Amino acid sequence: MKYVIFLGDGMADTPVAELGGRTPLAVAKHPHMDRLASAGVMGLVRTVPAGMKPGSDTANLSVMGYDPEIYYSGRSPLEAASIGIDLAPEDVAYRCNFVTLAGEGGLSDAVMEDYSAGEISSAEARQLVEVINARFASDRVHLYPGVSYRQCLVLKGAETGAVLTPPHDISGQSVKGRLPEGTNAALLKAMMEYACETLGRHPVNLERVRQGKRPANAVWFWGEGRKPALAPFESLYGLRGAVISAVDLIQGIGKCAGMRVIPVPGATGNYHTDFAAKGRAAIEALSTDCDFVYIHVEAPDECGHQRQIPEKVYSIEQIDEKIVAPVMEYLSRCGEDHAVLVLPDHPTPLAIRTHTGDPVPFILYRSNEAETGGPKVRYCEETAAETGVFVQRGDSLMNLLTGREKLLQNAAE
């Protein structure tokens with residue numbers, strides 16, 4: 001038996017006026033998802049437990065079969081694992097974004113113009129990381145370069161308790177009142193102030209401005225946490241699993257869970273990503289040593305944060321055409337029964353440009369239970385809600401996918 005989860009990050013949305021009062025998922029052409037919805041079961045699932053922040057960290061842990069209330073210890077430690085940082089139990093990690101701040105009045109009066117600094121390249125970011133480390137690195141403090149705008153700060157033998165705001169939550173807004181507070185806040189703010197004073201003059205940023213790109217003229221800390229302790233995925237579900245994602249967070253979850261993390265050249269994390277390459281990588285894994293593949297596509301989420309309406313629709317269509325279609329074609333001819341899930345991890349509504357914890361539409365398709373000849377249905381938020389099927393806990397999805405639990409045992413009107 002083969003198993004696949006097609007995860008379109010932030011794919012769910014609310015009605016958009018520019019789309020005639022429909023959502024991107026309702027407008028997009030995705031016949032292959034529709035075919036799975038027509039032959040399988042569609043409904044809504046709550047991926048983020050009540051009281052927890054609706055991050056991609058908690059939501060993807062949930063979809064991957066890990067209860068966030070048990071296993072979640074912060075976002076940054078998962079990202080640290082993806083870039084090979086071995087945290088000690090007493091260490092604290094923070095996600096560090098290179099960002100673009102606008103305004104003339106200094107850090108506290110700035111506006112969050114771009115939480116990704118124009119998606120600065122990893123090579124450029126490494127040069128800026130060196131600037132920060134030259135001033136602050138010690139046997140206790142070190143900033144590690146990551147992928148694109150995503151870096152990781154590690155404090156050795158530190159306490160937790162900082163109050164932090166994700167930068168994508170305040171896109172286009174003043175940062176006043178959103179700077180770090182609580183434990184380690186003095187150090188974090190000192191690093192942010194130094195970055196604001198120095199990075200704008202760095203040759204990397206002078207060249208970016210010359211080319212019409214946004215400068216990485218500041219840093220922003222969030223996602224505090226300690227080293228996670230995930231139970232091995234294979235021991236929980238008896239499957240040899242693989243993760244395909246351009247995002248270090250998802251790669252980190254995969255590594256911490258003992259799964260194979262498959263690098264895909266051309267995978268960028270935005271709508272310019274090589275969608276087809278992800279589909280090919282999934283097929284290669286399924287045809288060799290993997291029973292289960294988790295295919296994560298970040299593009300819809302990034303479009304939601306940037307309020308890129310046509311691009312979000314396009315991303316959904318590309319997921320359907322370049323990933324769902326070829327992978328399902330392979331599964332249909334591989335000679336094995338198979339089961340797949342299609343869903344977002346959380347909504348990223350274009351209207352608010354950040355995540356919500358609302359339930360998301362899912363499709364569960366099992367080849368040995370498929371219904372053919374029935375009515376054709378569209379996969380979107382509205383039709384999923386109309387089915388009346390509601391899964392209370394996202395971490396039960398893996399058991400539903402593998403058949404350990406039956407959907408009706410987890411559904412409620």
# chains A, B, ... in the order shown; residues from 1 in each chain; ligands from 1
>>> residues_around(residues="A:Ala325", least_positions_apart="3", cutoff="12 Å", atoms="only C-alpha atoms", output="list in words")
Phe6, His30, Pro31, His32, Met33, Asp34, Arg35, Leu36, Phe275, Ala276, Lys278, Gly279, Arg280, Ala282, Ile283, Glu317, Gln318, Ile319, Asp320, Glu321, Lys322, Met328, Glu329, Tyr330, Leu331 and Ser332 of chain A
>>> residues_around(residues="A:Glu113", least_positions_apart="5", cutoff="12 Å", atoms="only C-alpha atoms", output="list in words")
Phe98, Val99, Thr100, Leu101, Ala102, Gly103, Gly118, Pro167, His168, Asp169, Ile170, Ser171, Gly172, Gln173, Ser174, Val175, Arg214, Pro215, Ala216, Asn217, Ala218, His305 and Gln306 of chain A
>>> residues_around(residues="A:Gln308", least_positions_apart="6", cutoff="10 Å", atoms="only C-alpha atoms", output="list in words")
Tyr271, Pro300, Asp301, Glu302, Tyr314, Leu350 and Arg353 of chain A
>>> closest_residue(among="A:Ala93, A:Ala59, A:Ile262, A:Val111", to="A:Trp222", atoms="only C-alpha atoms")
A:Ala93
>>> select_by_dssp(residues="stretch 71-163 of chain A", states="strand (DSSP E)", output="ChimeraX atom specification")
/A:92-102,111-114,141-147,150-155,162-163
>>> write_last_selection(atoms="N, CA and C atoms", output="JSON list (two decimals), in the first residue's frame")
[["chain", "number", "residue", "atom", "x", "y", "z"],
["A", 92, "VAL", "N", 18.19, 27.51, 23.46],
["A", 92, "VAL", "CA", 16.98, 28.15, 22.93],
["A", 92, "VAL", "C", 17.27, 28.64, 21.52],
["A", 93, "ALA", "N", 16.36, 28.39, 20.60],
["A", 93, "ALA", "CA", 16.51, 28.82, 19.21],
["A", 93, "ALA", "C", 15.42, 29.82, 18.85],
["A", 94, "TYR", "N", 15.77, 30.72, 17.94],
["A", 94, "TYR", "CA", 14.83, 31.71, 17.41],
["A", 94, "TYR", "C", 14.92, 31.73, 15.89],
["A", 95, "ARG", "N", 13.80, 31.84, 15.24],
["A", 95, "ARG", "CA", 13.79, 32.13, 13.81],
["A", 95, "ARG", "C", 14.18, 33.60, 13.64],
["A", 96, "CYS", "N", 15.08, 33.85, 12.70],
["A", 96, "CYS", "CA", 15.49, 35.21, 12.38],
["A", 96, "CYS", "C", 15.21, 35.48, 10.91],
["A", 97, "ASN", "N", 14.29, 36.37, 10.62],
["A", 97, "ASN", "CA", 14.02, 36.80, 9.25],
["A", 97, "ASN", "C", 14.88, 38.01, 8.91],
["A", 98, "PHE", "N", 15.46, 38.02, 7.71],
["A", 98, "PHE", "CA", 15.87, 39.29, 7.14],
["A", 98, "PHE", "C", 14.62, 39.93, 6.56],
["A", 99, "VAL", "N", 14.36, 41.18, 6.93],
["A", 99, "VAL", "CA", 13.15, 41.87, 6.52],
["A", 99, "VAL", "C", 13.49, 43.23, 5.92],
["A", 100, "THR", "N", 12.49, 43.83, 5.28],
["A", 100, "THR", "CA", 12.61, 45.20, 4.81],
["A", 100, "THR", "C", 11.71, 46.08, 5.66],
["A", 101, "LEU", "N", 12.31, 47.02, 6.39],
["A", 101, "LEU", "CA", 11.55, 47.99, 7.16],
["A", 101, "LEU", "C", 11.58, 49.33, 6.44],
["A", 102, "ALA", "N", 10.47, 50.04, 6.50],
["A", 102, "ALA", "CA", 10.36, 51.35, 5.88],
["A", 102, "ALA", "C", 10.17, 52.41, 6.95],
["A", 111, "VAL", "N", 7.85, 50.53, 9.61],
["A", 111, "VAL", "CA", 6.73, 49.75, 9.09],
["A", 111, "VAL", "C", 7.28, 48.48, 8.45],
["A", 112, "MET", "N", 6.62, 47.35, 8.68],
["A", 112, "MET", "CA", 7.05, 46.08, 8.10],
["A", 112, "MET", "C", 6.66, 46.05, 6.63],
["A", 113, "GLU", "N", 7.59, 46.45, 5.77],
["A", 113, "GLU", "CA", 7.31, 46.52, 4.34],
["A", 113, "GLU", "C", 7.33, 45.14, 3.70],
["A", 114, "ASP", "N", 8.27, 44.28, 4.12],
["A", 114, "ASP", "CA", 8.39, 42.95, 3.51],
["A", 114, "ASP", "C", 9.06, 42.01, 4.49],
["A", 141, "VAL", "N", 26.17, 32.87, 22.00],
["A", 141, "VAL", "CA", 25.28, 33.45, 20.99],
["A", 141, "VAL", "C", 25.84, 33.17, 19.60],
["A", 142, "HIS", "N", 25.00, 32.65, 18.70],
["A", 142, "HIS", "CA", 25.45, 32.48, 17.31],
["A", 142, "HIS", "C", 24.24, 32.51, 16.39],
["A", 143, "LEU", "N", 24.39, 33.26, 15.28],
["A", 143, "LEU", "CA", 23.37, 33.32, 14.24],
["A", 143, "LEU", "C", 23.82, 32.42, 13.09],
["A", 144, "TYR", "N", 23.00, 31.43, 12.75],
["A", 144, "TYR", "CA", 23.34, 30.48, 11.70],
["A", 144, "TYR", "C", 22.60, 30.83, 10.41],
["A", 145, "PRO", "N", 23.31, 30.79, 9.27],
["A", 145, "PRO", "CA", 22.62, 31.06, 8.00],
["A", 145, "PRO", "C", 21.72, 29.91, 7.61],
["A", 146, "GLY", "N", 20.59, 30.25, 7.02],
["A", 146, "GLY", "CA", 19.64, 29.24, 6.57],
["A", 146, "GLY", "C", 19.38, 29.36, 5.09],
["A", 147, "VAL", "N", 18.12, 29.32, 4.71],
["A", 147, "VAL", "CA", 17.71, 29.38, 3.31],
["A", 147, "VAL", "C", 17.00, 30.71, 3.06],
["A", 150, "ARG", "N", 15.46, 33.17, 5.76],
["A", 150, "ARG", "CA", 15.23, 32.45, 7.01],
["A", 150, "ARG", "C", 16.55, 32.04, 7.65],
["A", 151, "GLN", "N", 16.87, 32.63, 8.82],
["A", 151, "GLN", "CA", 18.09, 32.29, 9.55],
["A", 151, "GLN", "C", 17.70, 31.77, 10.93],
["A", 152, "CYS", "N", 18.69, 31.32, 11.70],
["A", 152, "CYS", "CA", 18.40, 30.72, 13.01],
["A", 152, "CYS", "C", 19.39, 31.23, 14.05],
["A", 153, "LEU", "N", 18.87, 31.82, 15.11],
["A", 153, "LEU", "CA", 19.68, 32.29, 16.23],
["A", 153, "LEU", "C", 19.61, 31.25, 17.35],
["A", 154, "VAL", "N", 20.79, 30.89, 17.90],
["A", 154, "VAL", "CA", 20.85, 29.94, 19.01],
["A", 154, "VAL", "C", 21.51, 30.61, 20.21],
["A", 155, "LEU", "N", 20.85, 30.51, 21.35],
["A", 155, "LEU", "CA", 21.40, 30.96, 22.62],
["A", 155, "LEU", "C", 21.68, 29.73, 23.47],
["A", 162, "ALA", "N", 10.33, 34.71, 25.88],
["A", 162, "ALA", "CA", 10.21, 35.94, 25.09],
["A", 162, "ALA", "C", 8.80, 36.05, 24.51],
["A", 163, "VAL", "N", 8.33, 37.28, 24.38],
["A", 163, "VAL", "CA", 7.05, 37.56, 23.74],
["A", 163, "VAL", "C", 7.36, 38.14, 22.37]]
>>> atom_distance(atom1="atom CA of A:Thr183", atom2="atom CA of A:Gly223")
13.4 Å
>>> select_by_dssp(residues="stretch 209-382 of chain A", states="alpha helix (DSSP H)", output="PyMOL selection string")
chain A and resi 209-210+233-237+248-256+275-287+299-306+309-318+325-333+381-382
>>> closest_residue(among="A:Val204, A:Val313, A:Val340, A:Ile244", to="A:Glu284", atoms="only C-alpha atoms")
A:Ile244
>>> residues_around(residues="A:Ser38", least_positions_apart="2", cutoff="12 Å", atoms="only C-alpha atoms", output="list in words")
Pro31, His32, Met33, Asp34, Arg35, Leu36, Gly40, Val41, Met42, Gly43, Ile363, Leu364, Tyr365, Arg366, Ala370, Glu371, Thr372, Gly373, Gly374, Pro375, Lys376, Val377, Arg378, Tyr379, Thr383, Ala384 and Thr387 of chain A
>>> atom_distance(atom1="atom CA of A:Glu298", atom2="atom CA of A:Lys255")
18.1 Å
>>> closest_residue(among="A:Ala117, A:Leu249, A:Ile132, A:Val4", to="A:Gly74", atoms="only C-alpha atoms")
A:Leu249
>>> atom_distance(atom1="atom CA of A:Thr58", atom2="atom CA of A:Ser82")
16.4 Å
>>> closest_residue(among="A:Tyr294, A:Trp220, A:Tyr115, A:Phe136", to="A:Gly241", atoms="only C-alpha atoms")
A:Tyr294
>>> residues_around(residues="A:Val293", least_positions_apart="2", cutoff="12 Å", atoms="only C-alpha atoms", output="PyMOL selection string")
chain A and resi 2-7+64+233+239-245+254+259-262+278-291+295-296+327+338-341+398
>>> write_last_selection(atoms="N, CA and C atoms", output="compact mmCIF listing (two decimals), in the first residue's frame")
# COMPACT_ATOMS: atom_id res chain seq x y z
N LYS A 2 0.57 2.20 -0.85
CA LYS A 2 1.29 3.45 -0.92
C LYS A 2 0.40 4.58 -0.38
N TYR A 3 1.05 5.57 0.26
CA TYR A 3 0.31 6.67 0.86
C TYR A 3 0.98 7.99 0.49
N VAL A 4 0.13 9.01 0.18
CA VAL A 4 0.63 10.33 -0.18
C VAL A 4 -0.24 11.39 0.46
N ILE A 5 0.40 12.43 0.96
CA ILE A 5 -0.32 13.64 1.37
C ILE A 5 0.12 14.78 0.47
N PHE A 6 -0.85 15.38 -0.22
CA PHE A 6 -0.61 16.58 -1.03
C PHE A 6 -1.00 17.78 -0.18
N LEU A 7 -0.03 18.55 0.27
CA LEU A 7 -0.28 19.65 1.20
C LEU A 7 0.00 20.98 0.52
N MET A 64 0.83 15.60 9.89
CA MET A 64 1.78 14.51 9.80
C MET A 64 1.57 13.45 10.89
N PHE A 233 8.62 8.45 13.01
CA PHE A 233 7.43 8.25 12.20
C PHE A 233 7.21 6.77 11.88
N LEU A 239 5.58 2.92 8.50
CA LEU A 239 5.81 3.31 7.11
C LEU A 239 7.18 3.97 6.96
N ARG A 240 7.84 3.68 5.85
CA ARG A 240 9.06 4.39 5.49
C ARG A 240 8.65 5.66 4.77
N GLY A 241 8.89 6.78 5.41
CA GLY A 241 8.36 8.04 4.90
C GLY A 241 9.40 8.97 4.35
N ALA A 242 8.95 9.88 3.49
CA ALA A 242 9.80 10.91 2.92
C ALA A 242 9.05 12.23 2.91
N VAL A 243 9.80 13.32 3.01
CA VAL A 243 9.24 14.67 2.98
C VAL A 243 9.86 15.42 1.80
N ILE A 244 9.00 16.09 1.03
CA ILE A 244 9.44 16.93 -0.07
C ILE A 244 8.93 18.33 0.19
N SER A 245 9.85 19.27 0.41
CA SER A 245 9.46 20.64 0.71
C SER A 245 10.66 21.55 0.47
N GLY A 254 10.52 16.62 9.19
CA GLY A 254 10.87 15.33 8.60
C GLY A 254 12.11 14.72 9.23
N MET A 259 12.39 10.77 8.98
CA MET A 259 12.00 10.51 7.60
C MET A 259 13.09 10.97 6.64
N ARG A 260 13.05 10.45 5.44
CA ARG A 260 13.97 10.87 4.39
C ARG A 260 13.52 12.25 3.90
N VAL A 261 14.45 13.21 3.87
CA VAL A 261 14.15 14.54 3.36
C VAL A 261 14.78 14.65 1.97
N ILE A 262 13.95 14.87 0.97
CA ILE A 262 14.39 14.83 -0.42
C ILE A 262 14.59 16.24 -0.94
N LYS A 278 8.84 18.54 -8.09
CA LYS A 278 8.35 17.94 -6.85
C LYS A 278 7.55 16.68 -7.14
N GLY A 279 6.74 16.72 -8.20
CA GLY A 279 6.00 15.53 -8.58
C GLY A 279 6.93 14.39 -8.97
N ARG A 280 7.97 14.70 -9.74
CA ARG A 280 8.93 13.66 -10.14
C ARG A 280 9.66 13.09 -8.94
N ALA A 281 10.03 13.94 -7.99
CA ALA A 281 10.73 13.46 -6.80
C ALA A 281 9.84 12.52 -5.98
N ALA A 282 8.56 12.83 -5.91
CA ALA A 282 7.63 11.98 -5.17
C ALA A 282 7.51 10.61 -5.83
N ILE A 283 7.41 10.60 -7.14
CA ILE A 283 7.30 9.34 -7.87
C ILE A 283 8.56 8.50 -7.68
N GLU A 284 9.72 9.15 -7.72
CA GLU A 284 10.99 8.42 -7.51
C GLU A 284 11.01 7.78 -6.13
N ALA A 285 10.57 8.52 -5.12
CA ALA A 285 10.58 7.98 -3.75
C ALA A 285 9.61 6.82 -3.61
N LEU A 286 8.42 6.96 -4.17
CA LEU A 286 7.42 5.90 -4.07
C LEU A 286 7.82 4.65 -4.84
N SER A 287 8.60 4.83 -5.90
CA SER A 287 8.98 3.69 -6.72
C SER A 287 10.25 3.00 -6.23
N THR A 288 10.88 3.57 -5.19
CA THR A 288 12.10 2.96 -4.66
C THR A 288 11.90 2.48 -3.23
N ASP A 289 12.16 3.36 -2.25
CA ASP A 289 12.23 2.87 -0.87
C ASP A 289 11.19 3.45 0.08
N CYS A 290 10.18 4.15 -0.43
CA CYS A 290 9.24 4.83 0.46
C CYS A 290 7.81 4.31 0.30
N ASP A 291 7.14 4.14 1.44
CA ASP A 291 5.72 3.78 1.44
C ASP A 291 4.84 5.02 1.50
N ILE A 295 4.14 15.65 0.42
CA ILE A 295 4.53 16.66 -0.57
C ILE A 295 3.98 18.01 -0.13
N HIS A 296 4.87 18.87 0.31
CA HIS A 296 4.49 20.18 0.83
C HIS A 296 4.84 21.25 -0.19
N VAL A 327 1.49 12.16 -10.03
CA VAL A 327 1.64 11.22 -8.91
C VAL A 327 0.46 10.23 -8.91
N HIS A 338 -3.62 2.24 -2.96
CA HIS A 338 -3.04 3.48 -2.47
C HIS A 338 -4.11 4.35 -1.82
N ALA A 339 -3.64 5.26 -0.99
CA ALA A 339 -4.53 6.20 -0.31
C ALA A 339 -3.86 7.55 -0.28
N VAL A 340 -4.64 8.62 -0.50
CA VAL A 340 -4.07 9.96 -0.52
C VAL A 340 -4.97 10.93 0.24
N LEU A 341 -4.33 11.95 0.75
CA LEU A 341 -5.02 13.10 1.34
C LEU A 341 -4.63 14.34 0.55
N MET A 398 -3.59 10.88 9.84
CA MET A 398 -2.71 9.77 9.44
C MET A 398 -3.37 8.43 9.71
>>> closest_residue(among="A:Gly51, A:Gly388, A:Gly357, A:Gly200", to="A:Ala12", atoms="only C-alpha atoms")
A:Gly357
>>> residues_around(residues="A:Ala50", least_positions_apart="4", cutoff="12 Å", atoms="only C-alpha atoms", output="number ranges by chain")
A: 46, 54, 58-59, 68-69, 356-359, 392-394
>>> write_last_selection(atoms="all heavy atoms", output="CSV table (one decimal), in the first residue's frame")
chain,number,residue,atom,x,y,z
A,46,ARG,N,-10.0,20.3,11.5
A,46,ARG,CA,-9.4,21.3,12.3
A,46,ARG,C,-7.9,20.9,12.6
A,46,ARG,O,-7.7,19.9,13.3
A,46,ARG,CB,-10.1,21.5,13.7
A,46,ARG,CG,-9.5,22.6,14.5
A,46,ARG,CD,-10.3,22.8,15.8
A,46,ARG,NE,-11.7,23.2,15.5
A,46,ARG,CZ,-12.2,24.3,15.1
A,46,ARG,NH1,-11.3,25.3,14.9
A,46,ARG,NH2,-13.5,24.6,14.9
A,54,PRO,N,-2.1,29.6,15.0
A,54,PRO,CA,-2.2,28.8,13.7
A,54,PRO,C,-1.0,29.0,12.8
A,54,PRO,O,-1.0,29.7,11.8
A,54,PRO,CB,-3.4,29.5,13.1
A,54,PRO,CG,-3.4,30.9,13.6
A,54,PRO,CD,-2.9,30.8,15.0
A,58,THR,N,2.6,24.1,13.9
A,58,THR,CA,1.6,23.3,14.6
A,58,THR,C,0.7,22.6,13.6
A,58,THR,O,0.4,21.4,13.8
A,58,THR,CB,0.7,24.2,15.5
A,58,THR,OG1,0.2,25.3,14.7
A,58,THR,CG2,1.5,24.7,16.7
A,59,ALA,N,0.3,23.2,12.5
A,59,ALA,CA,-0.6,22.6,11.5
A,59,ALA,C,0.0,21.4,10.8
A,59,ALA,O,-0.6,20.4,10.6
A,59,ALA,CB,-1.1,23.7,10.5
A,68,PRO,N,0.2,18.4,18.3
A,68,PRO,CA,1.0,19.6,18.6
A,68,PRO,C,1.0,19.9,20.1
A,68,PRO,O,2.0,20.4,20.7
A,68,PRO,CB,0.4,20.7,17.9
A,68,PRO,CG,-0.4,20.1,16.8
A,68,PRO,CD,-0.9,18.8,17.3
A,69,GLU,N,-0.1,19.5,20.8
A,69,GLU,CA,-0.1,19.8,22.3
A,69,GLU,C,0.9,18.9,23.0
A,69,GLU,O,1.2,19.2,24.2
A,69,GLU,CB,-1.5,19.5,22.8
A,69,GLU,CG,-2.5,20.6,22.2
A,69,GLU,CD,-3.9,20.4,22.7
A,69,GLU,OE1,-4.5,19.3,22.5
A,69,GLU,OE2,-4.5,21.3,23.3
A,356,THR,N,-5.0,31.8,9.7
A,356,THR,CA,-6.1,31.6,10.7
A,356,THR,C,-6.1,30.2,11.1
A,356,THR,O,-5.6,29.3,10.4
A,356,THR,CB,-7.4,32.1,10.2
A,356,THR,OG1,-7.9,31.1,9.2
A,356,THR,CG2,-7.4,33.4,9.5
A,357,GLY,N,-6.8,29.9,12.2
A,357,GLY,CA,-7.0,28.5,12.7
A,357,GLY,C,-8.3,27.9,12.3
A,357,GLY,O,-8.6,26.9,12.8
A,358,ASP,N,-8.9,28.4,11.3
A,358,ASP,CA,-10.2,27.9,10.8
A,358,ASP,C,-10.0,26.5,10.2
A,358,ASP,O,-9.0,26.2,9.7
A,358,ASP,CB,-10.9,28.8,9.8
A,358,ASP,CG,-11.2,30.2,10.4
A,358,ASP,OD1,-11.5,30.2,11.6
A,358,ASP,OD2,-11.3,31.1,9.6
A,359,PRO,N,-11.1,25.7,10.3
A,359,PRO,CA,-11.0,24.3,9.7
A,359,PRO,C,-10.7,24.5,8.2
A,359,PRO,O,-11.1,25.5,7.5
A,359,PRO,CB,-12.3,23.7,9.9
A,359,PRO,CG,-12.8,24.4,11.2
A,359,PRO,CD,-12.3,25.8,11.0
A,392,GLN,N,-12.4,16.4,13.9
A,392,GLN,CA,-12.1,17.3,15.0
A,392,GLN,C,-10.6,17.5,15.2
A,392,GLN,O,-10.2,18.6,15.7
A,392,GLN,CB,-12.7,16.7,16.3
A,392,GLN,CG,-14.2,16.7,16.3
A,392,GLN,CD,-14.9,18.0,16.6
A,392,GLN,OE1,-14.2,19.0,16.8
A,392,GLN,NE2,-16.2,18.0,16.7
A,393,ARG,N,-9.8,16.5,15.0
A,393,ARG,CA,-8.4,16.5,15.3
A,393,ARG,C,-7.6,16.2,14.0
A,393,ARG,O,-7.7,15.2,13.4
A,393,ARG,CB,-8.0,15.5,16.4
A,393,ARG,CG,-8.8,15.8,17.7
A,393,ARG,CD,-8.3,14.7,18.7
A,393,ARG,NE,-6.9,14.7,18.9
A,393,ARG,CZ,-6.2,15.4,19.8
A,393,ARG,NH1,-6.9,16.2,20.6
A,393,ARG,NH2,-4.9,15.3,19.9
A,394,GLY,N,-6.7,17.2,13.7
A,394,GLY,CA,-5.8,17.0,12.5
A,394,GLY,C,-4.9,15.8,12.7
A,394,GLY,O,-4.5,15.1,11.7
>>> closest_residue(among="A:Ala231, A:Ile120, A:Val297, A:Leu400", to="A:Ile250", atoms="only C-alpha atoms")
A:Val297
